[in-house]
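**Student:** Data: start-v2.txt, compact mmCIF, C-alpha atoms and all ligand atoms.
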# COMPACT_ATOMS: atom_id res chain seq x y z
CA LEU T 1498 -32.73 26.96 71.01
CA ALA T 1499 -29.70 27.92 73.09
CA SER T 1500 -31.84 29.51 75.78
CA LYS T 1501 -32.34 28.04 79.24
CA GLU T 1502 -36.00 28.88 78.90
CA VAL T 1503 -36.23 26.21 76.21
CA LYS T 1504 -34.08 23.61 77.98
CA LYS T 1505 -33.30 23.86 81.69
CA GLU T 1506 -30.75 21.05 82.18
CA PRO T 1507 -27.17 21.73 81.05
CA SER T 1508 -26.31 20.20 77.67
CA VAL T 1509 -23.60 17.57 77.49
CA VAL T 1510 -21.91 17.55 74.08
CA ARG T 1511 -20.50 14.19 73.09
CA ILE T 1512 -17.09 14.20 71.38
CA SER T 1513 -16.39 10.46 71.29
CA ASP T 1514 -17.60 7.27 72.97
CA THR T 1515 -15.56 8.13 76.04
CA LEU T 1516 -15.44 11.93 76.06
CA ALA T 1517 -18.11 14.59 76.53
CA ILE T 1518 -18.03 18.30 77.36
CA GLY T 1519 -20.49 19.79 79.83
CA GLY T 1520 -20.58 16.90 82.28
CA LYS T 1521 -18.94 16.72 85.69
CA GLU T 1522 -15.39 16.39 84.39
CA LEU T 1523 -13.39 19.43 83.27
CA VAL T 1524 -12.17 18.86 79.70
CA VAL T 1525 -8.80 20.32 78.71
CA MET T 1526 -7.89 20.72 75.04
CA ALA T 1527 -4.29 21.61 74.37
CA GLY T 1528 -1.74 21.82 71.60
CA PRO T 1529 -0.05 24.32 69.33
CA CYS T 1530 -1.71 27.31 67.70
CA SER T 1531 -0.70 25.97 64.27
CA VAL T 1532 0.30 22.55 63.00
CA GLU T 1533 3.81 23.16 61.65
CA SER T 1534 5.30 19.71 60.97
CA GLU T 1535 4.76 16.04 61.74
CA GLU T 1536 7.42 16.10 64.41
CA GLN T 1537 5.99 19.23 66.06
CA ILE T 1538 2.37 18.03 66.24
CA ILE T 1539 3.25 14.53 67.40
CA GLU T 1540 5.60 15.80 70.07
CA SER T 1541 2.90 18.24 71.20
CA ALA T 1542 0.20 15.56 71.25
CA LYS T 1543 2.32 13.18 73.31
CA ALA T 1544 3.21 15.94 75.76
CA VAL T 1545 -0.34 17.17 76.33
CA LYS T 1546 -1.61 13.60 76.64
CA ALA T 1547 1.07 12.78 79.22
CA ALA T 1548 0.00 15.85 81.20
CA GLY T 1549 -3.63 14.69 81.22
CA ALA T 1550 -5.31 16.69 78.43
CA GLN T 1551 -8.30 14.88 76.94
CA MET T 1552 -8.20 16.58 73.53
CA LEU T 1553 -5.63 17.93 71.09
CA ARG T 1554 -5.90 21.33 69.42
CA GLY T 1555 -4.03 22.59 66.35
CA GLY T 1556 -4.77 24.93 63.47
CA ALA T 1557 -4.43 23.75 59.87
CA PHE T 1558 -6.32 26.66 58.31
CA LYS T 1559 -5.14 29.82 60.04
CA PRO T 1560 -7.11 33.10 59.85
CA ARG T 1561 -4.20 35.52 60.27
CA THR T 1562 -4.53 39.25 60.79
CA SER T 1563 -1.87 39.82 58.12
CA PRO T 1564 -2.04 38.07 54.72
CA TYR T 1565 1.77 37.79 54.86
CA SER T 1566 1.75 35.68 58.05
CA PHE T 1567 1.85 31.85 57.99
CA GLN T 1568 -1.55 30.64 56.76
CA GLY T 1569 -1.34 27.01 57.88
CA LEU T 1570 -0.58 23.64 56.27
CA GLU T 1571 -4.25 23.19 55.24
CA GLU T 1572 -5.17 19.59 54.32
CA GLU T 1573 -1.64 18.37 55.06
CA GLY T 1574 -2.12 19.78 58.58
CA LEU T 1575 -5.40 17.87 58.96
CA LYS T 1576 -3.62 14.64 57.96
CA LEU T 1577 -0.92 15.28 60.56
CA LEU T 1578 -3.54 15.92 63.23
CA ALA T 1579 -5.21 12.62 62.33
CA LYS T 1580 -1.85 10.90 62.61
CA ALA T 1581 -1.29 12.42 66.05
CA ARG T 1582 -4.77 11.19 67.06
CA ASP T 1583 -3.96 7.67 65.84
CA LEU T 1584 -0.77 7.66 67.89
CA THR T 1585 -2.17 9.11 71.12
CA GLY T 1586 -5.89 8.35 71.01
CA LEU T 1587 -6.65 12.06 71.58
CA PRO T 1588 -9.57 13.45 69.55
CA PHE T 1589 -8.81 16.85 68.04
CA VAL T 1590 -10.40 20.23 67.43
CA THR T 1591 -9.30 22.39 64.51
CA GLU T 1592 -10.53 25.61 62.94
CA VAL T 1593 -12.57 25.91 59.76
CA ILE T 1594 -12.50 29.32 58.08
CA ASP T 1595 -14.91 29.13 55.15
CA PRO T 1596 -18.04 27.26 54.07
CA GLU T 1597 -16.22 25.61 51.13
CA THR T 1598 -13.86 23.63 53.39
CA VAL T 1599 -16.36 22.60 56.09
CA ASP T 1600 -16.87 19.09 54.67
CA LEU T 1601 -13.14 18.57 54.25
CA VAL T 1602 -12.34 19.68 57.81
CA ALA T 1603 -15.26 17.65 59.19
CA SER T 1604 -14.03 14.52 57.42
CA TYR T 1605 -10.84 14.58 59.52
CA SER T 1606 -11.70 16.26 62.81
CA ASP T 1607 -13.65 15.39 65.96
CA MET T 1608 -14.79 18.96 66.60
CA LEU T 1609 -14.73 22.06 64.39
CA GLN T 1610 -13.71 25.46 65.72
CA ILE T 1611 -15.24 28.70 64.51
CA GLY T 1612 -12.69 31.40 65.26
CA ALA T 1613 -13.29 34.82 66.76
CA ARG T 1614 -12.86 36.50 63.36
CA ASN T 1615 -15.60 34.34 61.89
CA ALA T 1616 -18.02 34.42 64.80
CA GLN T 1617 -20.53 36.38 62.71
CA ASN T 1618 -19.77 34.78 59.36
CA PHE T 1619 -23.36 33.69 58.95
CA ALA T 1620 -22.78 31.60 55.82
CA LEU T 1621 -20.13 29.62 57.71
CA LEU T 1622 -22.32 29.29 60.81
CA LYS T 1623 -25.21 27.95 58.74
CA LYS T 1624 -22.94 25.49 56.98
CA VAL T 1625 -21.55 24.01 60.22
CA GLY T 1626 -25.15 23.88 61.44
CA GLN T 1627 -25.81 21.28 58.75
CA ILE T 1628 -23.09 18.81 59.72
CA ASN T 1629 -23.02 16.13 62.35
CA LYS T 1630 -19.95 17.17 64.35
CA PRO T 1631 -19.63 19.24 67.53
CA ILE T 1632 -18.78 22.92 67.04
CA LEU T 1633 -16.56 25.03 69.31
CA LEU T 1634 -17.87 28.55 68.73
CA LYS T 1635 -15.53 31.32 69.80
CA ARG T 1636 -16.79 34.70 70.89
CA GLY T 1637 -15.93 37.49 68.46
CA MET T 1638 -13.56 40.09 69.83
CA SER T 1639 -16.22 42.82 69.82
CA MET T 1640 -19.27 40.69 70.48
CA THR T 1641 -21.83 41.16 73.21
CA ILE T 1642 -23.09 38.07 75.02
CA GLN T 1643 -26.41 38.46 73.22
CA GLU T 1644 -24.72 38.53 69.80
CA PHE T 1645 -22.63 35.51 70.83
CA LEU T 1646 -25.80 33.57 71.66
CA MET T 1647 -27.35 34.60 68.36
CA SER T 1648 -24.35 33.11 66.53
CA ALA T 1649 -24.94 29.84 68.41
CA GLU T 1650 -28.56 30.14 67.32
CA TYR T 1651 -27.47 30.36 63.66
CA ILE T 1652 -25.79 26.95 64.03
CA MET T 1653 -28.54 25.31 66.06
CA SER T 1654 -31.39 26.54 63.88
CA GLU T 1655 -29.85 24.56 60.98
CA GLY T 1656 -30.09 21.35 63.00
CA ASN T 1657 -26.77 20.93 64.80
CA GLN T 1658 -27.38 21.14 68.57
CA SER T 1659 -23.80 20.19 69.54
CA VAL T 1660 -22.48 23.67 70.21
CA ILE T 1661 -19.89 24.62 72.82
CA LEU T 1662 -19.28 28.31 73.57
CA CYS T 1663 -15.74 29.61 74.00
CA GLU T 1664 -14.80 32.90 75.65
CA ARG T 1665 -11.38 33.95 74.32
CA GLY T 1666 -11.08 37.57 75.38
CA ILE T 1667 -12.65 40.72 74.04
CA ARG T 1668 -11.15 43.98 72.85
CA THR T 1669 -11.02 46.76 75.42
CA PHE T 1670 -8.86 49.85 76.00
CA GLU T 1671 -6.39 47.74 78.00
CA THR T 1672 -3.10 46.97 76.25
CA ALA T 1673 -1.25 45.08 79.02
CA THR T 1674 -2.90 41.91 77.74
CA ARG T 1675 -3.68 40.93 74.13
CA ASN T 1676 -7.40 40.81 74.96
CA THR T 1677 -9.44 41.19 78.12
CA LEU T 1678 -10.56 37.73 79.19
CA ASP T 1679 -14.17 38.15 80.23
CA LEU T 1680 -14.55 35.57 82.97
CA SER T 1681 -17.87 37.09 83.98
CA ALA T 1682 -19.13 35.57 80.71
CA ILE T 1683 -19.15 32.21 82.54
CA PRO T 1684 -21.82 32.99 85.16
CA VAL T 1685 -23.69 35.25 82.73
CA LEU T 1686 -23.86 32.54 80.06
CA LYS T 1687 -24.69 29.85 82.64
CA ASN T 1688 -27.66 31.98 83.56
CA LYS T 1689 -28.85 32.32 79.96
CA THR T 1690 -27.96 29.11 78.16
CA HIS T 1691 -27.70 25.35 78.65
CA LEU T 1692 -24.68 25.12 76.33
CA PRO T 1693 -21.26 24.17 77.75
CA ILE T 1694 -18.65 26.93 78.19
CA VAL T 1695 -14.94 26.66 77.50
CA ILE T 1696 -12.33 29.30 78.35
CA ASP T 1697 -9.29 30.11 76.20
CA PRO T 1698 -6.78 31.83 78.51
CA SER T 1699 -4.11 31.77 75.77
CA HIS T 1700 -5.84 34.15 73.34
CA GLY T 1701 -7.56 35.76 76.29
CA THR T 1702 -4.28 37.11 77.69
CA GLY T 1703 -1.69 36.68 74.93
CA ASN T 1704 1.02 35.96 77.50
CA TYR T 1705 2.03 32.54 78.83
CA HIS T 1706 2.65 33.94 82.31
CA TYR T 1707 -1.05 34.60 82.80
CA ILE T 1708 -2.44 31.30 81.55
CA ALA T 1709 -2.27 29.31 84.79
CA PRO T 1710 -3.95 31.89 87.06
CA MET T 1711 -6.72 32.54 84.54
CA SER T 1712 -7.26 28.80 84.12
CA TYR T 1713 -7.75 28.35 87.86
CA ALA T 1714 -10.10 31.33 87.95
CA ALA T 1715 -12.10 29.95 85.02
CA VAL T 1716 -12.54 26.60 86.76
CA ALA T 1717 -13.57 28.31 89.99
CA ALA T 1718 -16.15 30.32 88.03
CA GLY T 1719 -17.70 27.17 86.58
CA ALA T 1720 -16.10 26.64 83.14
CA ASP T 1721 -16.73 23.23 81.55
CA GLY T 1722 -13.41 23.18 79.77
CA LEU T 1723 -10.20 24.97 78.85
CA ILE T 1724 -8.41 25.32 75.54
CA ILE T 1725 -4.72 26.08 75.96
CA GLU T 1726 -1.85 26.62 73.52
CA VAL T 1727 1.15 24.37 74.18
CA HIS T 1728 4.22 24.25 71.94
CA PRO T 1729 7.42 22.19 72.36
CA ASP T 1730 9.51 25.22 71.39
CA PRO T 1731 7.45 28.43 71.68
CA GLU T 1732 10.31 30.71 70.56
CA LYS T 1733 10.22 29.00 67.16
CA ALA T 1734 6.41 28.82 66.80
CA SER T 1735 4.99 30.12 63.50
CA SER T 1736 2.08 31.68 65.39
CA ASP T 1737 1.26 32.69 68.96
CA GLY T 1738 4.59 31.67 70.53
CA PRO T 1739 4.42 34.33 73.29
CA GLN T 1740 1.16 32.85 74.62
CA SER T 1741 2.19 29.19 74.30
CA LEU T 1742 3.20 27.11 77.30
CA LYS T 1743 6.12 24.73 77.20
CA PRO T 1744 5.08 21.14 78.01
CA LYS T 1745 6.68 21.30 81.46
CA LYS T 1746 4.70 24.39 82.48
CA PHE T 1747 1.54 22.84 81.07
CA GLN T 1748 2.16 19.71 83.15
CA ALA T 1749 2.47 21.86 86.29
CA LEU T 1750 -0.80 23.61 85.45
CA MET T 1751 -2.58 20.28 84.94
CA ASP T 1752 -1.22 18.91 88.21
CA ARG T 1753 -2.65 21.89 90.07
CA LEU T 1754 -5.98 21.60 88.29
CA LYS T 1755 -6.19 17.99 89.49
CA LEU T 1756 -5.71 19.16 93.07
CA PHE T 1757 -8.59 21.60 92.60
CA ALA T 1758 -10.81 18.85 91.24
CA GLU T 1759 -10.03 16.64 94.24
CA ALA T 1760 -10.77 19.51 96.62
CA ALA T 1761 -14.10 20.27 94.97
C1 LIG D 1801 -6.74 29.98 67.58
O1 LIG D 1801 -7.42 29.23 68.32
O2 LIG D 1801 -5.54 29.76 67.29
C2 LIG D 1801 -7.36 31.24 67.12
C3 LIG D 1801 -7.02 31.81 65.98
O3 LIG D 1801 -8.27 31.71 68.01
P1 LIG D 1801 -9.22 33.02 67.96
O4 LIG D 1801 -10.14 32.80 66.82
O5 LIG D 1801 -9.87 32.99 69.29
O6 LIG D 1801 -8.32 34.22 67.76
MN MN D 1802 -3.55 30.88 68.32
Is it possible to express this structure as structure tokens?
**Tutor:**
Amino acid sequence: LASKEVKKEPSVVRISDTLAIGGKELVVMAGPCSVESEEQIIESAKAVKAAGAQMLRGGAFKPRTSPYSFQGLEEEGLKLLAKARDLTGLPFVTEVIDPETVDLVASYSDMLQIGARNAQNFALLKKVGQINKPILLKRGMSMTIQEFLMSAEYIMSEGNQSVILCERGIRTFETATRNTLDLSAIPVLKNKTHLPIVIDPSHGTGNYHYIAPMSYAAVAAGADGLIIEVHPDPEKASSDGPQSLKPKKFQALMDRLKLFAEAA
């Protein structure tokens, strides 16, 4: 179902009446790794909106490598994201980590994220395949492109065709970056599938210094969207501070992206 042999024209996934991913316009989703407080998510939402982002991101259920790390505000976090949406008009994407909470997360959010650690959680993939909300499917950290497409297939074969693929870096021998952002996945996937492709330079590099250059490269390579971590005070973030941009740096990145769009 994901294959270009089945459907030649690129898919456009509708998020709201006014927003779609996979069309002509680059869609930028931005916000903190985790929702931490009302003040933090609202300040983040206002900042990313002012910079020109079309969607808010924020984790309420956090799949952490260590069980002792912050696990997220859960439903309270979803309520805060909804409040930030009401205030700014930005639809939001948030992660769902198990089949039991899919309906709850779907009842609040505009798009559900399947994280890298769950990219082959087939019970979860099937469950999100049965709902009527767009799914942002992240590539697992040790997944081949073929396996990635098969995970999309798990969702689509249950009925939900609104799938967006997200490259977020894969694990290699390199330690200078958190992951190795596989930008070649963009042309390779464009050759194999009609689904839209979003790049996550934040998890892809793990370092805020590298986010802007990798964003520009992703756009040049044909990405349909970007998902970027932005935090009002990265030093105090409960997760992923080192890879989070301050609002001012994010604004500068967005301004440059606009220049690229005008030039194109
Ligand atoms: C996230 O988006 O904060 C996240 C946990 O991403 P990934 O699943 O790509 O690690
Ligand atoms: Mn994160």
**Student:** Which residues sit within 10 Å of ligand LIG 1801 (chain D), counting all atoms listed in the file, listed as a PyMOL selection string?
**Tutor:** chain T and resi 1528-1531+1554-1562+1590-1592+1594+1610-1616+1634-1638+1663-1667+1676+1697-1701+1724-1726+1736-1737
**Student:** Around the point (-10.5, 29.8, 91.4) in the file's coordinates, collect all residues with an atom within 12 Å, using only C-alpha atoms, and return them as a list in words.
**Tutor:**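 Applying the cut-off with only C-alpha atoms, one gets Leu1680, Ala1709, Pro1710, Met1711, Ser1712, Tyr1713, Ala1714, Ala1715, Val1716, Ala1717, Ala1718, Gly1719, Ala1720, Arg1753, Leu1754, Leu1756, Phe1757, Ala1758, Ala1760 and Ala1761 of chain T.
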**Student:** Quick check, in Å to one decimal: how far apart do atom CA of T:Pro1596 and atom CA of T:Ile1652 lie?
**Tutor:** 12.6 Å
**Student:** May I have the residues within 9 Å of stretch 1511-1527 of chain T as a PyMOL selection string, using all atoms listed in the file and disregarding those fewer than 5 positions away in the same chain?
**Tutor:** chain T and resi 1541-1542+1545-1546+1549-1555+1588-1590+1607-1608+1630-1631+1659+1661+1692-1695+1716+1720-1727+1747+1751+1758
**Student:** Within 12 Å of (-23.1, 35.4, 82.5), all atoms listed in the file: residues as a list in words?
**Tutor:**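 Result, sorted by chain then residue number: Thr1641, Ile1642, Gln1643, Phe1645, Leu1646, Glu1664, Asp1679, Leu1680, Ser1681, Ala1682, Ile1683, Pro1684, Val1685, Leu1686, Lys1687, Asn1688, Lys1689, Thr1690, His1691, Ile1694, Ala1718, Gly1719 and Ala1720 of chain T.
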**Student:** What gap, in Å, lies between atom CA of T:Asp1595 and atom CA of T:Lys1624?
**Tutor:**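 Between atom CA of T:Asp1595 and atom CA of T:Lys1624 the gap is 9.0 Å.
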**Student:** Calculate how many Å separate atom CA of T:Ala1603 from atom CA of T:Met1653, rounding to one decimal.
**Tutor:**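 These two atoms are separated by 16.8 Å.
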**Student:** Can you list, as a list in words, every protein, DNA or RNA residue that comes within 8 Å of T:Val1602 when you count all atoms listed in the file, leaving out same-chain residues fewer than 6 positions away?
**Tutor:**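 Close residues of T:Val1602: Glu1572, Leu1575, Thr1591, Val1593 and Leu1609 of chain T.
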**Student:** T:Leu1498: which residues within 8 Å, counting all atoms listed in the file, same-chain residues fewer than 4 positions away excluded, as a PDB file with C-alpha atoms, in the frame of the given file?
**Tutor:**
ATOM      1  CA  VAL T1503     -36.230  26.210  76.210  1.00  0.00           C
ATOM      2  CA  LYS T1504     -34.080  23.610  77.980  1.00  0.00           C
ATOM      3  CA  GLU T1650     -28.560  30.140  67.320  1.00  0.00           C
ATOM      4  CA  MET T1653     -28.540  25.310  66.060  1.00  0.00           C
ATOM      5  CA  SER T1654     -31.390  26.540  63.880  1.00  0.00           C
TER       6      SER T1654
END
**Student:** Would you please work out which residue, of T:Ser1508, T:Ser1606, T:Ser1735, T:Thr1585, is nearest to T:Lys1543 when using all atoms listed in the file?
**Tutor:**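 Using all atoms listed in the file, the shortest distance to T:Lys1543 belongs to T:Thr1585.
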**Student:** Nearest to ligand MN 1802 (chain D) among T:Gly1656, T:Pro1744, T:Gly1569, T:Pro1729, with distances taken over all atoms listed in the file: which residue is it?
**Tutor:** T:Gly1569
**Student:** Please determine, counting all atoms listed in the file, which residue among T:Ile1628, T:Val1532, T:Ala1649, T:Ala1499 has the shortest atom-to-atom distance to ligand MN 1802 (chain D).
**Tutor:**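 For ligand MN 1802 (chain D), the nearest of the candidates is T:Val1532.
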**Student:** Measuring between only C-alpha atoms, which one of T:Leu1622, T:Glu1573, T:Ile1539, T:Ser1639 shows the shortest distance to T:Arg1668?
**Tutor:** T:Ser1639
